[in-house]
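Asks: data-v9.txt is reproduced in full below (compact mmCIF, C-alpha atoms).
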# COMPACT_ATOMS: atom_id res chain seq x y z
CA MET T 18 104.85 220.93 110.80
CA VAL T 19 102.00 223.38 111.17
CA ASN T 20 101.48 222.35 114.76
CA THR T 21 105.18 222.89 115.49
CA VAL T 22 105.10 226.43 114.05
CA GLN T 23 101.92 227.25 115.95
CA LYS T 24 103.43 226.03 119.19
CA ARG T 25 106.57 228.09 118.61
CA ASN T 26 104.53 231.26 117.84
CA LEU T 27 102.35 230.71 120.88
CA SER T 28 105.41 230.32 123.07
CA GLN T 29 106.95 233.54 121.68
CA PHE T 30 103.66 235.41 122.24
CA ARG T 31 103.53 234.24 125.85
CA ASP T 32 107.12 235.36 126.43
CA PHE T 33 106.42 238.76 124.89
CA THR T 34 103.24 239.18 126.93
CA PHE T 35 105.05 238.26 130.13
CA LEU T 36 107.86 240.73 129.47
CA SER T 37 105.47 243.51 128.52
CA SER T 38 103.42 242.91 131.66
CA ASN T 39 106.52 243.07 133.84
CA GLU T 40 107.60 246.35 132.24
CA THR T 41 104.09 247.80 132.68
CA ILE T 42 103.93 246.71 136.32
CA GLN T 43 107.40 248.09 136.93
CA GLN T 44 106.53 251.42 135.30
CA PHE T 45 103.20 251.58 137.16
CA SER T 46 104.87 250.87 140.47
CA TRP T 47 107.41 253.66 140.04
CA LYS T 48 104.76 256.14 138.97
CA THR T 49 102.51 255.18 141.85
CA MET T 50 105.35 255.40 144.33
CA LEU T 51 106.38 258.85 143.09
CA TYR T 52 102.77 260.00 143.24
CA LEU T 53 102.28 258.72 146.77
CA VAL T 54 105.57 260.08 148.06
CA PHE T 55 105.45 263.52 146.44
CA GLY T 56 102.11 264.10 144.74
CA VAL T 57 99.70 263.42 147.60
CA PRO T 58 101.53 265.53 150.23
CA LEU T 59 101.99 268.33 147.71
CA GLY T 60 98.30 268.21 146.84
CA ILE T 61 97.27 268.33 150.49
CA TYR T 62 99.74 271.16 151.11
CA LEU T 63 98.34 273.21 148.23
CA TYR T 64 94.79 272.42 149.33
CA LYS T 65 95.49 273.75 152.83
CA CYS T 66 97.04 276.90 151.38
CA THR T 67 94.00 277.45 149.17
CA VAL T 68 91.53 276.93 152.01
CA LEU T 69 93.34 279.37 154.31
CA THR T 70 93.50 282.02 151.60
CA LEU T 71 90.11 281.75 149.92
CA PHE T 72 88.00 280.86 152.94
CA GLN T 73 89.65 283.00 155.62
CA ASN T 74 86.43 284.94 156.22
CA LYS T 75 84.68 281.68 157.11
CA LEU T 76 87.55 280.64 159.37
CA ILE T 77 87.72 283.94 161.26
CA TYR T 78 84.08 285.01 161.48
CA MET T 79 81.68 282.38 162.87
CA PRO T 80 78.20 283.88 163.24
CA PHE T 81 76.73 280.43 162.56
CA LEU T 82 77.91 279.10 165.95
CA PRO T 83 75.81 277.86 167.61
CA TRP T 84 74.11 276.48 164.52
CA ASP T 85 70.95 278.54 165.04
CA GLY T 86 72.86 281.70 165.94
CA ARG T 87 71.73 283.56 162.84
CA LYS T 88 68.07 282.68 163.30
CA LEU T 89 67.57 283.18 167.03
CA PRO T 90 64.74 285.74 167.32
CA PHE T 91 64.63 288.58 169.78
CA ASP T 92 62.58 287.31 172.73
CA GLU T 93 61.77 289.59 175.63
CA SER T 94 61.37 286.57 177.90
CA LEU T 95 65.17 286.16 177.75
CA ILE T 96 65.62 289.56 179.39
CA ASP T 97 65.73 289.82 183.17
CA LYS T 98 62.65 291.68 184.43
CA ARG T 99 64.92 294.10 186.27
CA LEU T 100 66.32 295.30 182.94
CA VAL T 101 64.88 297.43 180.18
CA CYS T 102 65.87 296.23 176.71
CA LYS T 103 65.16 298.02 173.45
CA GLN T 104 65.78 296.44 170.04
CA VAL T 105 67.41 298.78 167.53
CA THR T 106 68.71 298.77 163.95
CA VAL T 107 71.77 300.63 162.68
CA GLU T 108 72.30 301.31 158.98
CA THR T 109 75.87 301.47 157.70
CA ILE T 110 77.29 303.63 154.93
CA ASP T 111 77.03 300.68 152.51
CA LYS T 112 73.39 300.00 153.46
CA CYS T 113 73.89 297.00 155.75
CA LYS T 114 71.30 296.84 158.52
CA LEU T 115 72.80 295.90 161.87
CA ALA T 116 70.55 294.43 164.56
CA GLY T 117 71.19 295.13 168.21
CA ILE T 118 69.89 295.97 171.64
CA ILE T 119 70.23 298.70 174.27
CA LEU T 120 70.01 297.70 177.92
CA THR T 121 69.84 299.53 181.22
CA LYS T 122 68.37 299.03 184.65
CA SER T 123 64.64 299.27 185.01
CA VAL T 124 63.39 302.13 187.14
CA GLU T 125 59.70 301.70 187.87
CA GLY T 126 59.13 299.86 184.64
CA GLU T 127 59.76 301.45 181.25
CA VAL T 128 62.62 303.90 180.89
CA ASP T 129 63.55 306.25 178.07
CA VAL T 130 67.14 305.37 177.18
CA ARG T 131 67.86 309.09 176.77
CA TYR T 132 66.52 309.91 180.22
CA ARG T 133 69.84 310.99 181.79
CA ASP T 134 72.77 312.42 179.87
CA ASP T 135 75.25 311.94 182.70
CA VAL T 136 75.01 308.12 182.65
CA PRO T 137 77.96 306.36 180.94
CA VAL T 138 77.25 304.48 177.72
CA MET T 139 79.21 301.33 176.88
CA ILE T 140 79.46 300.22 173.24
CA TYR T 141 80.01 296.46 173.36
CA PHE T 142 81.79 294.60 170.54
CA GLN T 143 81.52 290.81 170.75
CA GLY T 144 83.98 288.08 169.78
CA ASN T 145 84.02 286.17 166.51
CA ALA T 146 81.30 283.60 167.27
CA GLY T 147 77.68 283.59 168.35
CA ASN T 148 75.29 286.51 168.62
CA THR T 149 74.34 289.39 170.88
CA LEU T 150 71.72 287.48 172.86
CA LEU T 151 74.33 284.98 174.03
CA ARG T 152 76.02 287.87 175.90
CA LEU T 153 72.95 288.62 178.04
CA PRO T 154 74.43 286.88 181.14
CA LEU T 155 77.47 289.19 180.87
CA PHE T 156 75.28 292.28 180.54
CA SER T 157 73.15 291.19 183.50
CA ARG T 158 76.25 290.74 185.62
CA LEU T 159 77.38 294.28 184.81
CA LEU T 160 74.00 295.84 185.52
CA LEU T 161 72.36 293.81 188.28
CA PRO T 162 73.02 292.69 191.86
CA PRO T 163 74.01 290.50 193.74
CA THR T 164 77.36 291.37 192.14
CA SER T 165 78.90 294.78 192.70
CA SER T 166 77.03 296.07 189.67
CA ILE T 167 77.81 299.39 188.03
CA PRO T 168 75.40 301.98 189.53
CA ASN T 169 74.31 303.56 186.26
CA LEU T 170 75.14 302.34 182.78
CA TYR T 171 73.66 301.95 179.31
CA ILE T 172 74.97 299.03 177.25
CA VAL T 173 74.68 299.22 173.46
CA ALA T 174 75.35 295.86 171.80
CA ILE T 175 75.02 295.83 168.02
CA SER T 176 75.77 292.72 165.96
CA TYR T 177 78.28 292.99 163.12
CA ARG T 178 77.20 292.50 159.52
CA GLY T 179 76.41 288.84 158.91
CA TYR T 180 75.87 288.21 162.64
CA TRP T 181 72.55 287.47 164.35
CA LEU T 182 69.82 289.33 162.42
CA SER T 183 72.19 291.75 160.66
CA THR T 184 72.48 291.75 156.87
CA GLY T 185 75.70 291.50 154.86
CA SER T 186 78.83 289.37 155.19
CA PRO T 187 81.66 289.95 157.70
CA SER T 188 85.19 291.04 156.79
CA GLU T 189 87.76 293.31 158.40
CA TYR T 190 86.84 296.23 156.17
CA GLY T 191 83.14 295.59 156.73
CA LEU T 192 83.42 295.43 160.52
CA GLN T 193 85.40 298.65 160.51
CA LYS T 194 82.52 300.36 158.71
CA ASP T 195 80.13 298.80 161.22
CA ALA T 196 82.13 300.27 164.11
CA ILE T 197 81.93 303.78 162.66
CA ALA T 198 78.20 303.46 162.00
CA ILE T 199 77.55 302.16 165.52
CA TYR T 200 79.52 305.01 167.06
CA GLU T 201 77.61 307.60 165.02
CA PHE T 202 74.30 305.98 165.96
CA VAL T 203 75.16 305.96 169.66
CA ARG T 204 76.44 309.53 169.69
CA LYS T 205 73.26 310.71 167.98
CA LEU T 206 71.13 308.85 170.50
CA PHE T 207 73.26 309.89 173.48
CA PRO T 208 74.69 313.29 172.45
CA LYS T 209 76.11 314.24 175.86
CA ASN T 210 76.76 310.97 177.67
CA PRO T 211 80.31 309.79 178.41
CA LEU T 212 81.18 306.99 175.99
CA TYR T 213 83.20 303.81 176.57
CA VAL T 214 84.11 300.99 174.20
CA TYR T 215 84.32 297.38 175.35
CA GLY T 216 85.70 294.69 173.05
CA HIS T 217 86.13 290.99 173.73
CA SER T 218 88.61 289.02 171.59
CA LEU T 219 87.82 290.03 167.98
CA GLY T 220 85.69 292.80 169.47
CA GLY T 221 88.84 294.23 171.01
CA ALA T 222 90.28 294.57 167.51
CA VAL T 223 87.11 296.32 166.32
CA GLY T 224 87.19 298.60 169.36
CA LEU T 225 90.86 299.49 168.93
CA TYR T 226 90.23 300.41 165.30
CA LEU T 227 87.38 302.70 166.36
CA VAL T 228 89.37 304.33 169.15
CA SER T 229 92.37 304.84 166.86
CA GLN T 230 90.33 307.25 164.72
CA SER T 231 91.59 310.62 165.93
CA ASN T 232 88.27 312.44 165.62
CA ILE T 233 86.50 309.70 167.59
CA GLN T 234 89.21 309.06 170.17
CA LYS T 235 88.81 312.56 171.57
CA ASP T 236 85.15 311.82 172.23
CA LEU T 237 85.71 308.61 174.22
CA ARG T 238 86.48 308.26 177.91
CA GLY T 239 88.20 304.91 177.57
CA ILE T 240 88.35 301.44 176.06
CA ILE T 241 88.17 298.03 177.71
CA ILE T 242 89.76 295.10 175.89
CA GLU T 243 89.35 291.52 177.05
CA ASN T 244 91.49 288.62 175.78
CA THR T 245 92.38 290.33 172.52
CA PHE T 246 95.10 289.16 170.11
CA THR T 247 98.02 291.08 168.59
CA SER T 248 97.19 290.22 164.94
CA ILE T 249 95.61 287.54 162.78
CA LYS T 250 99.07 286.54 161.57
CA ASP T 251 100.20 285.93 165.14
CA MET T 252 97.05 283.92 165.85
CA VAL T 253 97.66 281.68 162.82
CA THR T 254 101.19 281.02 164.08
CA THR T 255 99.82 280.30 167.56
CA ILE T 256 97.15 277.87 166.37
CA TYR T 257 99.43 276.13 163.85
CA PRO T 258 102.98 276.22 165.27
CA GLN T 259 104.13 273.04 163.52
CA ASN T 260 106.97 273.63 161.07
CA TRP T 261 105.63 271.09 158.57
CA LEU T 262 102.32 272.94 158.15
CA PRO T 263 102.16 275.70 155.51
CA TYR T 264 100.11 278.25 157.44
CA LYS T 265 102.68 280.23 159.38
CA TYR T 266 104.82 280.59 156.25
CA LEU T 267 101.87 281.45 154.05
CA VAL T 268 100.64 284.36 156.20
CA ARG T 269 104.01 286.07 155.83
CA LEU T 270 103.19 286.74 152.18
CA PRO T 271 101.67 290.22 151.85
CA PHE T 272 98.86 289.20 149.49
CA VAL T 273 97.49 286.21 151.43
CA LEU T 274 95.67 287.82 154.36
CA TRP T 275 93.09 290.50 153.68
CA ASN T 276 91.93 290.15 157.30
CA LYS T 277 94.94 291.42 159.21
CA TRP T 278 93.61 293.09 162.39
CA GLU T 279 97.04 294.45 163.28
CA ASN T 280 96.22 295.41 166.86
CA SER T 281 99.88 295.58 167.88
CA ARG T 282 100.27 298.48 165.43
CA VAL T 283 96.92 300.18 166.05
CA ILE T 284 97.20 300.25 169.84
CA GLN T 285 100.33 302.38 169.59
CA GLU T 286 98.14 305.23 168.33
CA VAL T 287 95.65 305.05 171.19
CA THR T 288 95.94 307.82 173.77
CA ALA T 289 92.66 307.12 175.59
CA PRO T 290 92.68 305.19 178.88
CA ILE T 291 92.74 301.40 178.43
CA LEU T 292 91.60 298.66 180.79
CA PHE T 293 93.14 295.26 180.00
CA LEU T 294 91.14 292.25 181.24
CA SER T 295 93.25 289.13 180.76
CA SER T 296 92.54 285.46 181.45
CA ARG T 297 95.66 283.63 182.51
CA ASN T 298 94.26 280.27 181.33
CA ASP T 299 92.95 281.56 178.01
CA GLU T 300 92.87 278.50 175.76
CA ILE T 301 92.48 280.46 172.52
CA VAL T 302 94.46 283.72 172.75
CA PRO T 303 97.73 283.30 174.68
CA GLN T 304 98.05 285.78 177.52
CA GLU T 305 101.43 286.76 176.06
CA GLN T 306 99.61 288.56 173.26
CA MET T 307 97.62 290.66 175.73
CA LEU T 308 100.85 291.44 177.59
CA GLU T 309 102.40 292.55 174.32
CA LEU T 310 99.47 294.89 173.66
CA TYR T 311 99.84 296.29 177.17
CA LYS T 312 103.53 297.02 176.57
CA LEU T 313 102.83 298.66 173.21
CA ALA T 314 100.14 300.99 174.60
CA GLY T 315 102.76 303.58 175.49
CA LYS T 316 100.71 306.58 174.39
CA SER T 317 97.71 305.73 176.53
CA GLU T 318 97.24 308.32 179.25
CA LYS T 319 96.15 305.59 181.66
CA LYS T 320 96.49 301.83 181.28
CA ILE T 321 95.35 299.30 183.84
CA TRP T 322 96.09 295.55 183.83
CA VAL T 323 93.75 293.14 185.61
CA ASN T 324 94.66 289.46 185.66
CA PHE T 325 92.19 286.60 186.20
CA ASP T 326 94.18 283.56 187.26
CA LYS T 327 91.51 280.89 186.75
CA ALA T 328 89.56 282.39 183.87
CA LEU T 329 89.30 281.00 180.34
CA HIS T 330 88.70 282.84 177.08
CA MET T 331 84.93 283.17 177.44
CA ASP T 332 84.20 283.17 181.17
CA THR T 333 86.12 286.13 182.57
CA TYR T 334 82.89 287.86 183.53
CA VAL T 335 81.94 285.21 186.11
CA HIS T 336 85.16 285.60 188.10
CA LYS T 337 85.71 287.68 191.18
CA GLY T 338 86.90 291.20 190.54
CA TYR T 339 85.52 291.48 186.99
CA VAL T 340 82.68 293.91 187.63
CA GLU T 341 84.70 295.74 190.27
CA ALA T 342 87.54 296.39 187.80
CA ILE T 343 85.18 297.84 185.19
CA ASN T 344 83.28 299.88 187.76
CA LYS T 345 86.53 301.35 189.10
CA PHE T 346 87.80 302.11 185.59
CA ILE T 347 84.63 303.98 184.68
CA SER T 348 84.62 305.86 187.99
CA GLU T 349 88.23 306.99 187.55
CA THR T 350 87.84 308.11 183.93
CA ASN T 351 84.31 309.47 183.88
Any chance you could put this one into C-alpha cells?

Replies:
Amino acid sequence: MVNTVQKRNLSQFRDFTFLSSNETIQQFSWKTMLYLVFGVPLGIYLYKCTVLTLFQNKLIYMPFLPWDGRKLPFDESLIDKRLVCKQVTVETIDKCKLAGIILTKSVEGEVDVRYRDDVPVMIYFQGNAGNTLLRLPLFSRLLLPPTSSIPNLYIVAISYRGYWLSTGSPSEYGLQKDAIAIYEFVRKLFPKNPLYVYGHSLGGAVGLYLVSQSNIQKDLRGIIIENTFTSIKDMVTTIYPQNWLPYKYLVRLPFVLWNKWENSRVIQEVTAPILFLSSRNDEIVPQEQMLELYKLAGKSEKKIWVNFDKALHMDTYVHKGYVEAINKFISETN
C-alpha cells in the first residue's frame, strides 16, 4: 500500500515538474525573442546616439592621427635647407599655448621674419587630423622651385589647441578663440604686411569664422578655402546617409551638436575676396558642398573657382595649377 502511494506521488511530481518546465521554457523563449527582436537593436541605436553626442569632439578633431602626431618634436632636419623656419608659441585668451612655425625662403642664410613689410603673410589653418609638420611638403611647394613658387611669402602655421605640441582640448568654441589669438599674434609680428587666410577642410571653417569678424575682415586681403564643408550637420548626413541609422535624424535636434561649423551661413557675411580650391574626386567632402559655398558667397567682392579634376581630399597641392592659382590670387588682390 505504501509503495503504491509513493509511486502515485512520484508520478504526480514528475508530471508537475514537466509542466512547470514547459511553462518556464515557453516564457523564457518569448522573453528572449522579444529581447532579441526589439531590445538589442534599441540598445545599439541608443548607444550610437550616445556616442555621437557625448564623443563628438573625439570624432571631429583627430590630433592623434598619426598615432604619434601629438608627440612629434620640432626637428630642423625636416626643413628644406632653402627655407628659414622659426618655431613660435601663441597664447590664447584662456591661457592655452599654441605651438607653430613661421616659414619663408632663405636669403643668404638666416632671415628676420619682419625684414620686409610688403611681403604677403599667409595664416594657414590645417584640417582635422595630424599636425603642422605633416604640412611641410605643401609649404615647400608654395615657397620653392621647381614649381611656379610664389615669389615672396611668409607662411604662419599654428596648431590648434590639443594639436601637435599645443595645450588644451579642441572644440568649435576653442578653435574660434585660437583663430583670434593667431590673427592678433600675426598682426603684431607683421604690423604692415598684407594678410591672407588659407584653410583646408576644417581649417576652412576656422578661416571663414575669422574672416567673418567685421573688424578683422577689413584687415585681410583675401581667404583661400580648400575642400571645405557646408556644416557638420551636412557632413554627418553625407557620411551616414542610410535611413536606418540614427545620425542624420539626431543632428536635427538643436541640443545634440555643440560643434556646428555652419559655414553655409558664415560665408554669406564674407565680403573679402575668396579663392575656392576644389578636388573633384574628394572622397571625404563632396564637391557639391564646396559648390554650395561658392554660390552662397554672394557678398564677396571677388570669388574665384579652381577645379582639380583628379585630386583627392588631401593631395590638391601636388596637382598642376595649384601654386599658380594661389600665386595669381595673391597678385590680383595684393

Asks: With all atoms listed in the file counted and 8 Å as the cut-off, give the residues of region 68-89 of chain T in contact with region 274-291 of chain T, each with its shortest interatomic distance in Å and the pair that gives it, as JSON lines.

Replies:
{"residue": "T:Thr70", "atom": "CA", "partner": "T:Leu274", "partner_atom": "CA", "distance": 6.8}
{"residue": "T:Gln73", "atom": "CA", "partner": "T:Asn276", "partner_atom": "CA", "distance": 7.7}
{"residue": "T:Asn74", "atom": "CA", "partner": "T:Asn276", "partner_atom": "CA", "distance": 7.7}

Asks: From the options T:Gln259, T:Gln306, T:Arg238, T:Arg269, which residue's atoms come nearest to Lys319 (chain T), counting only C-alpha atoms?

Replies: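 That would be T:Arg238, the residue with the smallest distance to Lys319 (chain T).
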
Asks: Using CA of Leu219 (chain T) and CA of Tyr177 (chain T) as the two end points, give the distance in Å to one decimal.

Replies: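 Separating CA of Leu219 (chain T) from CA of Tyr177 (chain T) is a distance of 11.1 Å.
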
Asks: Can you pull out the residues contacting Ser348 (chain T)? Cut-off 10 Å, using all atoms listed in the file, and skip same-chain residues under 4 positions away; I want them as a VMD selection string.

Replies: chain T and resid 137 167 342 to 344

Asks: Take the point (87.6, 299.3, 182.4) in the file's coordinates, draw a sphere of radius 10 Å around it, and report as a ChimeraX atom specification every protein, DNA or RNA residue with an atom inside or on it, counting all atoms listed in the file.

Replies: /T:213-215,239-243,290-294,320-323,339-350

Asks: Tell me which protein, DNA and RNA residues are within 6 Å of region 100-104 of chain T, counting all atoms listed in the file, leaving out same-chain ones fewer than 4 positions away, and put them as a list in words.

Replies: Gly117, Ile118, Ile119, Leu120, Thr121, Lys122 and Ser123 of chain T

Asks: Between CA of Thr333 (chain T) and CA of Arg158 (chain T), what distance in Å does the model show, to one decimal?

Replies: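 We find that CA of Thr333 (chain T) and CA of Arg158 (chain T) lie 11.3 Å from each other.
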
Asks: Nearest to Glu189 (chain T) among T:Leu159, T:Ile77, T:Val107, T:Val268, with distances taken over all atoms listed in the file: which residue is it?

Replies: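 Nearest candidate to Glu189 (chain T) out of T:Leu159, T:Ile77, T:Val107, T:Val268: T:Ile77.
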
Asks: Neighbouring residues of region 147-150 of chain T were defined as those with any atom within 6 Å, considering all atoms listed in the file; residues of the same chain fewer than 3 positions away were excluded. Please report them as a list in words.

Replies: Pro80, Leu82, Gly86, Leu153 and Trp181 of chain T

Asks: Which of these residues is nearest to Val138 (chain T), using only C-alpha atoms: T:Pro263, T:Pro211, T:Gly220, T:Pro303?

Replies: T:Pro211

Asks: One decimal, in Å: what's the spacing between CA of Asp97 (chain T) and CA of Phe156 (chain T)?

Replies: 10.2 Å

Asks: T:Tyr226, T:Phe202, T:Leu115, T:Val273: which is nearest Leu71 (chain T), counting all atoms listed in the file?

Replies: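 Closest candidate: T:Val273.
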
Asks: So, counting all atoms listed in the file, which residue among T:Lys327, T:Lys209, T:Lys337, T:Arg152 is closest to Ser176 (chain T)?

Replies: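 Looking only at the distances to Ser176 (chain T), the closest residue turns out to be T:Arg152.
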
Asks: Rank T:Gly185, T:Pro90, T:Pro271, T:Gly216 by their smallest atom-to-atom distance to Thr109 (chain T), using all atoms listed in the file, and report the top residue only.

Replies: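 Result for the nearest residue to Thr109 (chain T): T:Gly185.
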
Asks: Can you take the partial region 222-233 of chain T, add all heavy atoms, and return it as a compact mmCIF listing (two decimals), keeping the file's coordinate frame?

Replies:
# COMPACT_ATOMS: atom_id res chain seq x y z
N ALA T 222 89.69 294.06 168.75
CA ALA T 222 90.28 294.57 167.51
C ALA T 222 89.38 295.63 166.88
O ALA T 222 89.84 296.67 166.41
CB ALA T 222 90.52 293.42 166.53
N VAL T 223 88.07 295.36 166.87
CA VAL T 223 87.11 296.32 166.32
C VAL T 223 87.13 297.60 167.16
O VAL T 223 87.15 298.72 166.63
CB VAL T 223 85.69 295.72 166.29
CG1 VAL T 223 84.69 296.74 165.76
CG2 VAL T 223 85.65 294.46 165.44
N GLY T 224 87.16 297.44 168.48
CA GLY T 224 87.19 298.60 169.36
C GLY T 224 88.45 299.42 169.21
O GLY T 224 88.40 300.65 169.20
N LEU T 225 89.60 298.76 169.10
CA LEU T 225 90.86 299.49 168.93
C LEU T 225 90.87 300.27 167.62
O LEU T 225 91.38 301.39 167.56
CB LEU T 225 92.04 298.51 168.97
CG LEU T 225 92.41 297.98 170.36
CD1 LEU T 225 93.45 296.86 170.24
CD2 LEU T 225 92.94 299.10 171.25
N TYR T 226 90.32 299.67 166.57
CA TYR T 226 90.23 300.41 165.30
C TYR T 226 89.40 301.67 165.49
O TYR T 226 89.80 302.77 165.05
CB TYR T 226 89.59 299.54 164.22
CG TYR T 226 89.16 300.35 163.02
CD1 TYR T 226 90.09 300.78 162.07
CD2 TYR T 226 87.83 300.75 162.86
CE1 TYR T 226 89.70 301.57 161.00
CE2 TYR T 226 87.44 301.54 161.80
CZ TYR T 226 88.38 301.94 160.87
OH TYR T 226 87.99 302.74 159.81
N LEU T 227 88.25 301.54 166.17
CA LEU T 227 87.38 302.70 166.36
C LEU T 227 88.08 303.78 167.18
O LEU T 227 88.05 304.96 166.83
CB LEU T 227 86.09 302.25 167.07
CG LEU T 227 85.06 303.35 167.34
CD1 LEU T 227 84.52 303.92 166.03
CD2 LEU T 227 83.91 302.81 168.19
N VAL T 228 88.72 303.37 168.27
CA VAL T 228 89.37 304.33 169.15
C VAL T 228 90.59 304.97 168.48
O VAL T 228 90.96 306.10 168.81
CB VAL T 228 89.78 303.64 170.47
CG1 VAL T 228 90.51 304.60 171.40
CG2 VAL T 228 88.54 303.10 171.18
N SER T 229 91.18 304.29 167.53
CA SER T 229 92.37 304.84 166.86
C SER T 229 92.03 305.97 165.90
O SER T 229 92.93 306.68 165.43
CB SER T 229 93.11 303.73 166.11
OG SER T 229 92.36 303.28 164.99
N GLN T 230 90.74 306.14 165.57
CA GLN T 230 90.33 307.25 164.72
C GLN T 230 90.41 308.54 165.52
O GLN T 230 89.69 308.70 166.52
CB GLN T 230 88.91 307.02 164.18
CG GLN T 230 88.69 305.66 163.53
CD GLN T 230 89.67 305.38 162.41
OE1 GLN T 230 89.71 306.10 161.41
NE2 GLN T 230 90.46 304.33 162.55
N SER T 231 91.27 309.45 165.11
CA SER T 231 91.59 310.62 165.93
C SER T 231 90.37 311.46 166.27
O SER T 231 90.24 311.96 167.40
CB SER T 231 92.63 311.49 165.21
OG SER T 231 92.15 311.89 163.93
N ASN T 232 89.44 311.62 165.34
CA ASN T 232 88.27 312.44 165.62
C ASN T 232 87.32 311.77 166.60
O ASN T 232 86.56 312.44 167.31
CB ASN T 232 87.53 312.76 164.31
CG ASN T 232 87.08 311.50 163.59
OD1 ASN T 232 87.80 310.50 163.56
ND2 ASN T 232 85.90 311.54 163.01
N ILE T 233 87.36 310.44 166.67
CA ILE T 233 86.50 309.70 167.59
C ILE T 233 87.17 309.53 168.95
O ILE T 233 86.52 309.60 170.00
CB ILE T 233 86.12 308.33 166.99
CG1 ILE T 233 85.28 308.53 165.72
CG2 ILE T 233 85.39 307.46 168.00
CD1 ILE T 233 84.95 307.25 164.99
